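Take a look at the structure set out below.
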Amino acid sequence: MQLSRLLVLAVARPVSGFVGSVRMALSSSAEGERSKDITTATASLDVSNSPLLTDESFKAILSGCTSLTSLSVAGCSKLTDESIKAIVDCSLLTSLDVSGCGNLTDEALQTIANKGCMLTSVNVSSCRNLTDEAIKAIASCSLRSLNVAYCGKLLTDESINAVGTNCPSLTSLNVADCKFLTDESIKIIGTGCGSLTSLDVSRCKNLTDESIKAIVDGCPSLTSLNVRNCEKLTDEALTAVATLPRLSALRIFGCRKLTDESIKALAGCATLITLDTTKTFRQIFKACRSV
């Protein structure tokens with residue numbers, strides 16, 4: 001099979017309130033299609049880290065880009081729901097990154113979900129106005145990757161329960177600093193998301209050993225786990241983690257109840273490459289592995 005040509009274009013486009021570089025990756029099946037209007041080609045649009053970008057400017061850039069498959073407006077802090085609702089006509093969109101767009105509310109994600117979507121990857125980290133209603137709506141898209149880190153002001157178990165119930169193909173979940181989450185929702189993730197390979201629950205301080213044991217039991221393909229500052233975890237949880245057959249990266253800094261017993265157990269995890277912990281524990285880990 002002949003692969004389609006990939007073109008990467010930097011497009012400078014003067015629109016009201018914004019003049020900058022718009023990066024678009026376009027898929028073209030033939031050399032002669034280069035001249036085709038870029039807004040009609042399958043494209044990845046990245047206007048991230050443009051803090052001066054306004055709704056008006058974004059909609060002008062977006063105009064006609066109905067075949068977008070990937071969109072990043074990360075760090076575009078002036079954008080509101082008006083911009084995100086404008087992408088509802090991008091029916092092929094599978095990846096959406098609106099991290100750091102602090103003005104967004106539930107209405108934006110609900111509009112996208114209600115329109116019917118093909119989204120598999122969503123990053124809404126640091127969108128602190130979002131509530132459970134937004135995450136429940138977007139979970140209906142059967143996601144494979146979800147990042148809601150630092151949205152902890154309003155999110156509860158209700159939203160993550162919905163993810164665990166509706167997203168069986170989920171491989172990556174980041175709920176860092178979602179302080180109201182409890183064992184209830186993480187246990188549902190363990191039960192419903194057996195394909196999970198990466199989990200970040202750092203600073204989720206209500207979680208206990210029960211959450212982590214449920215993840216170990218239900219997600220044998222896990223390769224990366226971050227439980228930094230989960231202060232209730234004990235050696236019981238880490239002894240279970242040490243049995244994961246594919247674990248390569250583990251972050252446990254700030255888990256104050258852990259003892260040498262956890263580190264000795266982890267030393268027997270042959271696949272573990274990265275261990276983020278205190279200097280003392282790292283020394284114990286190395287010593288145990290050298291025996």
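We label chains A, B, ... in the order they appear in the structure tokens, count residues from 1 in each chain, and number ligands from 1 in the order shown.
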
Q: Could you give me, as an NGL selection string, the residues within 8 Å of Cys101 of chain A, counting only C-alpha atoms and dropping anything in the same chain fewer than 4 positions from it?
A: :A and (73-80 or 124 or 126-127)

(Q) Can you pull out the residues contacting Ala137 of chain A? Cut-off 7 Å, using only C-alpha atoms, and skip same-chain residues under 3 positions away; I want them as a VMD selection string. (A) chain A and resid 109 to 110 113 133 to 134 140

Selected residues, N, CA, C and O atoms, written as a short mmCIF file (atom, residue, chain, number, x, y, z; two decimals), in the first residue's frame, please.
```
data_model
loop_
_atom_site.label_atom_id
_atom_site.label_comp_id
_atom_site.auth_asym_id
_atom_site.auth_seq_id
_atom_site.Cartn_x
_atom_site.Cartn_y
_atom_site.Cartn_z
N LEU A 109 -18.21 21.50 26.17
CA LEU A 109 -18.06 20.06 25.96
C LEU A 109 -19.40 19.36 25.77
O LEU A 109 -19.50 18.39 24.99
N GLN A 110 -20.42 19.84 26.42
CA GLN A 110 -21.75 19.25 26.23
C GLN A 110 -22.24 19.46 24.80
O GLN A 110 -22.86 18.56 24.22
N ALA A 113 -20.38 16.91 22.60
CA ALA A 113 -20.85 15.54 22.84
C ALA A 113 -22.26 15.33 22.30
O ALA A 113 -22.57 14.29 21.72
N GLU A 133 -20.68 17.39 34.99
CA GLU A 133 -21.57 17.32 33.83
C GLU A 133 -20.79 17.34 32.52
O GLU A 133 -21.15 16.64 31.56
N ALA A 134 -19.73 18.12 32.46
CA ALA A 134 -18.92 18.18 31.24
C ALA A 134 -18.21 16.85 30.99
O ALA A 134 -18.19 16.35 29.86
N SER A 140 -19.19 9.97 26.88
CA SER A 140 -20.06 9.25 25.96
C SER A 140 -19.38 9.00 24.62
O SER A 140 -19.89 8.24 23.79
#
```

Q) If you count only C-alpha atoms, which residues fall within 7 Å of segment 259-268 of chain A, apart from same-chain ones fewer than 5 positions away, as a list in words? A)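 Using only C-alpha atoms, the neighbours found are Asp235, Leu238, Thr239, Ala242, Phe281, Ile284, Phe285, Cys288 and Arg289 of chain A.
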
Could those residues be written to a file, using N, CA, C and O atoms, as a short mmCIF file (atom, residue, chain, number, x, y, z; two decimals), in the first residue's frame?
```cif
data_model
loop_
_atom_site.label_atom_id
_atom_site.label_comp_id
_atom_site.auth_asym_id
_atom_site.auth_seq_id
_atom_site.Cartn_x
_atom_site.Cartn_y
_atom_site.Cartn_z
N ASP A 235 2.44 0.13 52.39
CA ASP A 235 3.20 -0.93 51.74
C ASP A 235 2.31 -1.94 51.04
O ASP A 235 2.70 -2.55 50.04
N LEU A 238 1.82 -0.89 47.42
CA LEU A 238 3.03 -0.99 46.60
C LEU A 238 3.49 -2.42 46.40
O LEU A 238 4.07 -2.75 45.35
N THR A 239 3.21 -3.28 47.37
CA THR A 239 3.52 -4.69 47.18
C THR A 239 2.69 -5.26 46.04
O THR A 239 3.16 -6.08 45.24
N ALA A 242 4.05 -3.99 42.65
CA ALA A 242 5.27 -4.69 42.25
C ALA A 242 5.00 -5.94 41.42
O ALA A 242 5.90 -6.45 40.75
N PHE A 281 15.31 5.96 49.56
CA PHE A 281 14.62 4.81 48.96
C PHE A 281 15.29 4.38 47.66
O PHE A 281 15.33 3.19 47.35
N ILE A 284 18.18 2.18 48.60
CA ILE A 284 17.72 0.86 49.01
C ILE A 284 17.33 0.04 47.79
O ILE A 284 17.66 -1.16 47.68
N PHE A 285 16.65 0.68 46.85
CA PHE A 285 16.22 0.02 45.61
C PHE A 285 17.43 -0.53 44.84
O PHE A 285 17.45 -1.70 44.43
N CYS A 288 19.07 -3.48 46.73
CA CYS A 288 18.30 -4.72 46.62
C CYS A 288 18.46 -5.36 45.24
O CYS A 288 18.51 -6.58 45.11
N ARG A 289 18.54 -4.53 44.24
CA ARG A 289 18.67 -5.06 42.87
C ARG A 289 20.06 -5.64 42.61
O ARG A 289 20.24 -6.48 41.73
#
```

Q. DSSP says strand (DSSP E) for which residues of segment 81-195 of chain A? Put them as number ranges by chain?
A. A: 95-97, 121-123, 145-147, 172-174

Q.
Between atom CA of Gly100 of chain A and atom CA of Ser125 of chain A, what distance in Å does the model show, to one decimal?
A.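 Straight-line distance from atom CA of Gly100 of chain A to atom CA of Ser125 of chain A works out to 6.4 Å.
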
**Q.** From A:Asp97, A:Glu82, A:Asp183, A:Glu107, residue lying nearest Val148 of chain A [only C-alpha atoms]
**A.** A:Asp97

Q) Restricting the calculation to only C-alpha atoms, which member of A:Leu154, A:Leu130, A:Leu170, A:Leu71 is positioned closest to Ser142 of chain A? A) A:Leu170

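Within segment 83-160 of chain A, residues classed as alpha helix (DSSP H) by DSSP on backbone coordinates are Ser83, Ile84, Lys85, Asp106, Glu107, Ala108, Leu109, Gln110, Thr111, Ile112, Ala113, Asn114, Lys115, Asp132, Glu133, Ala134, Ile135, Lys136, Ala137, Ile138, Ala139, Asp157, Glu158, Ser159 and Ile160 of chain A.
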
Q: Using atom CA of Asp157 of chain A and atom CA of Thr223 of chain A as the two end points, give the distance in Å to one decimal.
A: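 Between these atoms lies a distance of 23.9 Å.
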
(Q) Ranking A:Ser172, A:Asp81, A:Arg144, A:Cys65 by minimum distance to Thr94 of chain A and counting only C-alpha atoms, which one comes first? (A) A:Arg144

Q: Write out as a ChimeraX atom specification which residues come within 9 Å of Asp276 of chain A when counting only C-alpha atoms, dropping same-chain ones fewer than 4 positions away.
A: /A:226,228,249-253,282

For those residues, write N, CA, C and O atoms to a file as a PDB file, in the first residue's frame.
```pdb
ATOM      1  N   ASN A 226       1.518   6.993  38.471  1.00  0.00           N
ATOM      2  CA  ASN A 226       1.949   8.134  39.285  1.00  0.00           C
ATOM      3  C   ASN A 226       1.014   8.262  40.475  1.00  0.00           C
ATOM      4  O   ASN A 226      -0.167   8.577  40.323  1.00  0.00           O
ATOM      5  N   ARG A 228       2.214  10.065  43.289  1.00  0.00           N
ATOM      6  CA  ARG A 228       2.907  11.060  44.123  1.00  0.00           C
ATOM      7  C   ARG A 228       1.932  11.757  45.070  1.00  0.00           C
ATOM      8  O   ARG A 228       0.836  12.165  44.661  1.00  0.00           O
ATOM      9  N   ALA A 249       7.460   2.620  34.743  1.00  0.00           N
ATOM     10  CA  ALA A 249       7.661   3.923  35.390  1.00  0.00           C
ATOM     11  C   ALA A 249       6.714   4.055  36.576  1.00  0.00           C
ATOM     12  O   ALA A 249       5.507   3.856  36.440  1.00  0.00           O
ATOM     13  N   LEU A 250       7.283   4.422  37.736  1.00  0.00           N
ATOM     14  CA  LEU A 250       6.491   4.553  38.960  1.00  0.00           C
ATOM     15  C   LEU A 250       6.957   5.782  39.732  1.00  0.00           C
ATOM     16  O   LEU A 250       8.155   5.973  39.954  1.00  0.00           O
ATOM     17  N   ARG A 251       5.987   6.606  40.126  1.00  0.00           N
ATOM     18  CA  ARG A 251       6.300   7.810  40.893  1.00  0.00           C
ATOM     19  C   ARG A 251       5.575   7.745  42.230  1.00  0.00           C
ATOM     20  O   ARG A 251       4.351   7.752  42.276  1.00  0.00           O
ATOM     21  N   ILE A 252       6.368   7.701  43.325  1.00  0.00           N
ATOM     22  CA  ILE A 252       5.795   7.513  44.663  1.00  0.00           C
ATOM     23  C   ILE A 252       6.287   8.571  45.645  1.00  0.00           C
ATOM     24  O   ILE A 252       6.075   8.442  46.851  1.00  0.00           O
ATOM     25  N   PHE A 253       6.926   9.616  45.143  1.00  0.00           N
ATOM     26  CA  PHE A 253       7.441  10.656  46.031  1.00  0.00           C
ATOM     27  C   PHE A 253       6.285  11.263  46.839  1.00  0.00           C
ATOM     28  O   PHE A 253       5.227  11.562  46.306  1.00  0.00           O
ATOM     29  N   ARG A 282      15.809   5.323  46.896  1.00  0.00           N
ATOM     30  CA  ARG A 282      16.514   4.952  45.659  1.00  0.00           C
ATOM     31  C   ARG A 282      17.759   4.129  45.970  1.00  0.00           C
ATOM     32  O   ARG A 282      18.085   3.182  45.251  1.00  0.00           O
TER      33      ARG A 282
END
```
